[in-house]
Amino acid sequence: MWADEERRKPRIDQSDGPSRRATIHDVARLAGVSRQTVSRAVNDKGEIDPATKERVLEAARLLNYRPSRFARGLVRKGTVTAGLVIPDLMNPFFPEVAAGVLEAAEQRGWQVVVCDTRSDDVREREALDMLSHQADAVVGYFKNEDDVLARHLGGVPLVLLERGPQQTRFAAVGIDAAGGLERGMAHLVRAGHRRIGMLDGDRGPLPGPRREAFLAEARRHGLDLDERWIVCCPEHSVLGGETGMERLLDAHHPELTAVFGFNDLIAVGAMRAARRRGLSLPGDLAVMGFDGLSLGALVEPALTTLHLDKRRLGRLAIEQVARLRAGEEPLSGEDAWVIPELVVRASA
């Protein structure tokens, strides 16, 4: 019976792609009922025929309809909630980004809901499923592809962090890894280093922006380096850096004279592993990080790094959300990038 009725009901127009979010009007048309009946059915209110309720809920399921927070009375009228998805709150980089998001949101009178996915793509999708009901927009770090994100968002605006605008169809805020590595590699080359390794943190099938920039700068300076001089660390941590550095030294000591770490935690781990091998820093081995954590100024020797304004990264994400909500074009080009600055300390 339902199948026959379904064929006679108007369907939502999906011509505008997966970002089209079904509305209560779409469900009402498909189920052949009023908007008030849809509201009673999806919010489990009484005074509705069970068969009608079942038909409405089936229509909502077919259209992937997600009631808005306002329709369900969960927030005050006019309040905006942004969802923030972070891969690892134990990594000191991400709380600084979150601080930028929270500061910018507070200035606008917005609320922020934070989810930690622990770098797991399944948890990412679960976070999006939850936030699609609770948030007006989502910003954050995601491993899943655009099509997967769109399916779980249900049309909620999304801003991706550390993705260049050319790398996604969503609004984004990126990091100019190439600009940072240009400064960093030039510094190492000026200091006389020609055999430079990298401890990478990207473990995907394709090289990430930092590895691509590292290899591009190695070629530009005529360094005799290739992928064999790059070791992927098992995790983005001090321990991950130690493990990766042991492998790099096993393969390329003593010719290796400098190493670039994917982030500061990995770079600090590289320093610890080098010391265990009896190497002096920076005499036998120079070490450079990426991120600019406050930790880098506290270790001995202090860590040379490519410093990122992490709070600005978060503030730009909220600016992108504000533009999307206003129907404006998101920031692009240099306006949507954070450029690392070289901070020279004792380690390199």
# chains A, B, ... in the order shown; residues from 1 in each chain; ligands from 1
call {"tool": "residues_around", "arguments": {"residues": "Ala251 of chain A", "least_positions_apart": "6", "cutoff": "10 Å", "atoms": "only C-alpha atoms", "output": "PDB file with N, CA and C atoms, in the first residue's frame"}}
result
ATOM      1  N   ARG A 228      62.986   7.647   0.103  1.00  0.00           N
ATOM      2  CA  ARG A 228      63.685   6.799   1.071  1.00  0.00           C
ATOM      3  C   ARG A 228      64.174   7.591   2.269  1.00  0.00           C
ATOM      4  N   TRP A 229      64.236   8.906   2.143  1.00  0.00           N
ATOM      5  CA  TRP A 229      64.663   9.755   3.237  1.00  0.00           C
ATOM      6  C   TRP A 229      63.475  10.202   4.101  1.00  0.00           C
ATOM      7  N   VAL A 231      60.376   8.874   6.610  1.00  0.00           N
ATOM      8  CA  VAL A 231      59.834   7.804   7.436  1.00  0.00           C
ATOM      9  C   VAL A 231      58.504   8.280   8.007  1.00  0.00           C
ATOM     10  N   MET A 245      62.390   8.198  14.259  1.00  0.00           N
ATOM     11  CA  MET A 245      63.791   8.626  14.187  1.00  0.00           C
ATOM     12  C   MET A 245      64.735   7.438  14.278  1.00  0.00           C
TER      13      MET A 245
END
call {"tool": "residues_around", "arguments": {"residues": "Asp176 of chain A", "least_positions_apart": "6", "cutoff": "7 Å", "atoms": "only C-alpha atoms", "output": "PDB file with all heavy atoms, in the first residue's frame"}}
result
ATOM      1  N   TRP A 337      44.217  31.183   4.086  1.00  0.00           N
ATOM      2  CA  TRP A 337      45.404  30.416   4.424  1.00  0.00           C
ATOM      3  C   TRP A 337      46.075  31.002   5.659  1.00  0.00           C
ATOM      4  O   TRP A 337      46.046  32.209   5.890  1.00  0.00           O
ATOM      5  CB  TRP A 337      46.430  30.451   3.284  1.00  0.00           C
ATOM      6  CG  TRP A 337      46.038  29.664   2.081  1.00  0.00           C
ATOM      7  CD1 TRP A 337      45.332  30.105   1.007  1.00  0.00           C
ATOM      8  CD2 TRP A 337      46.347  28.300   1.830  1.00  0.00           C
ATOM      9  NE1 TRP A 337      45.171  29.102   0.096  1.00  0.00           N
ATOM     10  CE2 TRP A 337      45.781  27.981   0.565  1.00  0.00           C
ATOM     11  CE3 TRP A 337      47.035  27.312   2.525  1.00  0.00           C
ATOM     12  CZ2 TRP A 337      45.889  26.708   0.015  1.00  0.00           C
ATOM     13  CZ3 TRP A 337      47.141  26.052   1.973  1.00  0.00           C
ATOM     14  CH2 TRP A 337      46.577  25.761   0.731  1.00  0.00           C
ATOM     15  N   VAL A 338      46.712  30.140   6.435  1.00  0.00           N
ATOM     16  CA  VAL A 338      47.604  30.563   7.514  1.00  0.00           C
ATOM     17  C   VAL A 338      49.013  30.178   7.095  1.00  0.00           C
ATOM     18  O   VAL A 338      49.271  29.021   6.743  1.00  0.00           O
ATOM     19  CB  VAL A 338      47.227  29.891   8.851  1.00  0.00           C
ATOM     20  CG1 VAL A 338      48.228  30.272   9.937  1.00  0.00           C
ATOM     21  CG2 VAL A 338      45.819  30.295   9.263  1.00  0.00           C
ATOM     22  N   ILE A 339      49.917  31.142   7.103  1.00  0.00           N
ATOM     23  CA  ILE A 339      51.279  30.927   6.600  1.00  0.00           C
ATOM     24  C   ILE A 339      52.225  30.731   7.781  1.00  0.00           C
ATOM     25  O   ILE A 339      52.307  31.588   8.664  1.00  0.00           O
ATOM     26  CB  ILE A 339      51.747  32.117   5.741  1.00  0.00           C
ATOM     27  CG1 ILE A 339      50.767  32.337   4.574  1.00  0.00           C
ATOM     28  CG2 ILE A 339      53.161  31.886   5.222  1.00  0.00           C
ATOM     29  CD1 ILE A 339      51.072  33.570   3.752  1.00  0.00           C
ATOM     30  N   PRO A 340      52.959  29.620   7.836  1.00  0.00           N
ATOM     31  CA  PRO A 340      53.911  29.394   8.936  1.00  0.00           C
ATOM     32  C   PRO A 340      55.080  30.378   8.870  1.00  0.00           C
ATOM     33  O   PRO A 340      55.530  30.762   7.792  1.00  0.00           O
ATOM     34  CB  PRO A 340      54.397  27.957   8.696  1.00  0.00           C
ATOM     35  CG  PRO A 340      53.395  27.354   7.757  1.00  0.00           C
ATOM     36  CD  PRO A 340      52.895  28.475   6.913  1.00  0.00           C
TER      37      PRO A 340
END
call {"tool": "closest_residue", "arguments": {"among": "A:Ala135, A:Asn91, A:Ala105, A:Arg219", "to": "Glu235 of chain A", "atoms": "only C-alpha atoms"}}
result
A:Asn91
call {"tool": "select_by_dssp", "arguments": {"residues": "segment 206-336 of chain A", "states": "strand (DSSP E)", "output": "number ranges by chain"}}
result
A: 230-232, 258-261, 286-291, 304-307
call {"tool": "write_last_selection", "arguments": {"atoms": "all heavy atoms", "output": "CSV table (one decimal), in the first residue's frame"}}
result
chain,number,residue,atom,x,y,z
A,230,ILE,N,62.3,9.6,3.8
A,230,ILE,CA,61.1,10.0,4.6
A,230,ILE,C,60.6,8.7,5.3
A,230,ILE,O,60.4,7.7,4.7
A,230,ILE,CB,60.0,10.5,3.6
A,230,ILE,CG1,60.5,11.8,2.9
A,230,ILE,CG2,58.7,10.8,4.4
A,230,ILE,CD1,59.6,12.3,1.9
A,231,VAL,N,60.4,8.9,6.6
A,231,VAL,CA,59.8,7.8,7.4
A,231,VAL,C,58.5,8.3,8.0
A,231,VAL,O,58.4,9.4,8.5
A,231,VAL,CB,60.8,7.4,8.6
A,231,VAL,CG1,60.1,6.5,9.6
A,231,VAL,CG2,62.0,6.7,8.0
A,232,CYS,N,57.5,7.5,7.9
A,232,CYS,CA,56.2,7.8,8.4
A,232,CYS,C,56.1,7.3,9.9
A,232,CYS,O,56.4,6.2,10.2
A,232,CYS,CB,55.0,7.1,7.7
A,232,CYS,SG,54.8,7.9,6.0
A,258,ALA,N,70.4,16.5,9.2
A,258,ALA,CA,69.2,17.3,9.6
A,258,ALA,C,68.0,16.5,9.4
A,258,ALA,O,67.9,15.6,8.5
A,258,ALA,CB,69.2,18.6,8.9
A,259,VAL,N,66.9,16.8,10.2
A,259,VAL,CA,65.7,16.2,10.0
A,259,VAL,C,64.5,17.2,10.3
A,259,VAL,O,64.6,18.1,11.1
A,259,VAL,CB,65.5,15.0,11.0
A,259,VAL,CG1,65.5,15.4,12.4
A,259,VAL,CG2,64.2,14.2,10.7
A,260,PHE,N,63.5,17.1,9.4
A,260,PHE,CA,62.3,17.9,9.6
A,260,PHE,C,61.2,17.1,10.1
A,260,PHE,O,60.9,16.0,9.5
A,260,PHE,CB,62.0,18.5,8.2
A,260,PHE,CG,60.6,19.1,8.1
A,260,PHE,CD1,60.2,20.2,8.9
A,260,PHE,CD2,59.6,18.5,7.3
A,260,PHE,CE1,58.9,20.7,8.9
A,260,PHE,CE2,58.3,19.0,7.2
A,260,PHE,CZ,58.0,20.1,8.0
A,261,GLY,N,60.6,17.5,11.2
A,261,GLY,CA,59.4,16.7,11.8
A,261,GLY,C,58.1,17.3,11.3
A,261,GLY,O,57.9,18.5,11.2
A,286,ALA,N,70.7,18.4,13.2
A,286,ALA,CA,69.8,19.6,13.3
A,286,ALA,C,68.4,19.1,13.2
A,286,ALA,O,68.1,18.2,12.4
A,286,ALA,CB,70.1,20.6,12.3
A,287,VAL,N,67.5,19.6,14.1
A,287,VAL,CA,66.1,19.2,14.1
A,287,VAL,C,65.2,20.4,13.9
A,287,VAL,O,65.4,21.4,14.7
A,287,VAL,CB,65.8,18.4,15.4
A,287,VAL,CG1,64.3,18.0,15.3
A,287,VAL,CG2,66.7,17.2,15.5
A,288,MET,N,64.2,20.3,13.0
A,288,MET,CA,63.2,21.4,12.8
A,288,MET,C,61.8,20.8,12.9
A,288,MET,O,61.6,19.7,12.4
A,288,MET,CB,63.4,22.0,11.5
A,288,MET,CG,62.4,23.1,11.1
A,288,MET,SD,62.6,23.8,9.5
A,288,MET,CE,64.2,24.6,9.8
A,289,GLY,N,60.9,21.5,13.6
A,289,GLY,CA,59.6,21.1,13.8
A,289,GLY,C,58.6,21.9,12.9
A,289,GLY,O,59.0,22.7,12.1
A,290,PHE,N,57.3,21.7,13.2
A,290,PHE,CA,56.3,22.4,12.4
A,290,PHE,C,55.1,22.5,13.4
A,290,PHE,O,54.6,21.5,13.9
A,290,PHE,CB,55.9,21.6,11.2
A,290,PHE,CG,55.1,22.4,10.2
A,290,PHE,CD1,55.6,22.7,8.9
A,290,PHE,CD2,53.8,22.7,10.4
A,290,PHE,CE1,54.8,23.4,8.0
A,290,PHE,CE2,53.0,23.4,9.5
A,290,PHE,CZ,53.5,23.7,8.3
A,291,ASP,N,54.6,23.7,13.6
A,291,ASP,CA,53.4,24.0,14.4
A,291,ASP,C,53.6,25.2,15.4
A,291,ASP,O,52.8,26.0,15.6
A,291,ASP,CB,52.9,22.8,15.3
A,291,ASP,CG,52.2,21.8,14.5
A,291,ASP,OD1,51.9,22.0,13.3
A,291,ASP,OD2,51.9,20.7,15.0
A,304,THR,N,63.9,24.7,16.9
A,304,THR,CA,63.6,25.5,15.7
A,304,THR,C,62.3,25.0,15.0
A,304,THR,O,62.2,23.8,14.9
A,304,THR,CB,64.7,25.5,14.7
A,304,THR,OG1,65.8,26.2,15.3
A,304,THR,CG2,64.4,26.2,13.4
A,305,THR,N,61.4,25.9,14.7
A,305,THR,CA,60.1,25.4,14.2
A,305,THR,C,59.5,26.3,13.2
A,305,THR,O,59.9,27.5,13.1
A,305,THR,CB,59.1,25.2,15.3
A,305,THR,OG1,57.9,24.6,14.9
A,305,THR,CG2,58.8,26.5,16.0
A,306,LEU,N,58.5,25.8,12.4
A,306,LEU,CA,57.7,26.7,11.6
A,306,LEU,C,56.4,26.9,12.3
A,306,LEU,O,55.6,26.1,12.5
A,306,LEU,CB,57.4,25.9,10.2
A,306,LEU,CG,58.7,25.7,9.4
A,306,LEU,CD1,58.4,24.8,8.2
A,306,LEU,CD2,59.3,27.0,8.9
A,307,HIS,N,56.3,28.1,12.8
A,307,HIS,CA,55.3,28.5,13.8
A,307,HIS,C,54.0,28.9,13.1
A,307,HIS,O,54.0,29.6,12.1
A,307,HIS,CB,55.7,29.7,14.7
A,307,HIS,CG,54.6,30.1,15.6
A,307,HIS,ND1,53.7,31.1,15.3
A,307,HIS,CD2,54.4,29.8,16.9
A,307,HIS,CE1,52.9,31.3,16.3
A,307,HIS,NE2,53.3,30.5,17.3
call {"tool": "atom_distance", "arguments": {"atom1": "atom CA of Gln167 of chain A", "atom2": "atom CA of Gly208 of chain A"}}
result
11.4 Å
call {"tool": "residues_around", "arguments": {"residues": "Leu153 of chain A", "least_positions_apart": "3", "cutoff": "7 Å", "atoms": "only C-alpha atoms", "output": "ChimeraX atom specification"}}
result
/A:128-129,132,149-150,156
call {"tool": "write_last_selection", "arguments": {"atoms": "N, CA and C atoms", "output": "PDB file, in the first residue's frame"}}
result
ATOM      1  N   LEU A 128      29.275  13.768  12.931  1.00  0.00           N
ATOM      2  CA  LEU A 128      28.472  14.528  11.971  1.00  0.00           C
ATOM      3  C   LEU A 128      26.994  14.191  12.098  1.00  0.00           C
ATOM      4  N   ASP A 129      26.675  12.920  12.290  1.00  0.00           N
ATOM      5  CA  ASP A 129      25.277  12.531  12.472  1.00  0.00           C
ATOM      6  C   ASP A 129      24.664  13.275  13.662  1.00  0.00           C
ATOM      7  N   SER A 132      24.538  17.211  12.963  1.00  0.00           N
ATOM      8  CA  SER A 132      23.553  17.610  11.968  1.00  0.00           C
ATOM      9  C   SER A 132      22.206  17.920  12.614  1.00  0.00           C
ATOM     10  N   LEU A 149      31.106  13.059   3.766  1.00  0.00           N
ATOM     11  CA  LEU A 149      30.743  14.135   4.681  1.00  0.00           C
ATOM     12  C   LEU A 149      29.377  14.706   4.335  1.00  0.00           C
ATOM     13  N   ALA A 150      29.124  14.898   3.046  1.00  0.00           N
ATOM     14  CA  ALA A 150      27.854  15.485   2.618  1.00  0.00           C
ATOM     15  C   ALA A 150      26.676  14.601   3.019  1.00  0.00           C
ATOM     16  N   VAL A 156      23.887  20.722   6.522  1.00  0.00           N
ATOM     17  CA  VAL A 156      24.449  21.700   7.454  1.00  0.00           C
ATOM     18  C   VAL A 156      25.742  22.265   6.857  1.00  0.00           C
TER      19      VAL A 156
END
call {"tool": "closest_residue", "arguments": {"among": "A:Ala82, A:Ser39, A:Glu103, A:Ala171", "to": "Glu329 of chain A", "atoms": "only C-alpha atoms"}}
result
A:Ala171
call {"tool": "residues_around", "arguments": {"residues": "Gly240 of chain A", "least_positions_apart": "4", "cutoff": "12 Å", "atoms": "only C-alpha atoms", "output": "list of chain:residue names"}}
result
A:Leu199, A:Asp200, A:Gly201, A:Val231, A:Cys232, A:Cys233, A:Pro234, A:Glu235, A:His236, A:Gly244, A:Met245, A:Glu246, A:Arg247, A:Gly261, A:Phe262, A:Asn263, A:Asp264, A:Leu265, A:Ile266, A:Ala267, A:Val268, A:Gly269, A:Ala270, A:Met271, A:Arg272, A:Ala273
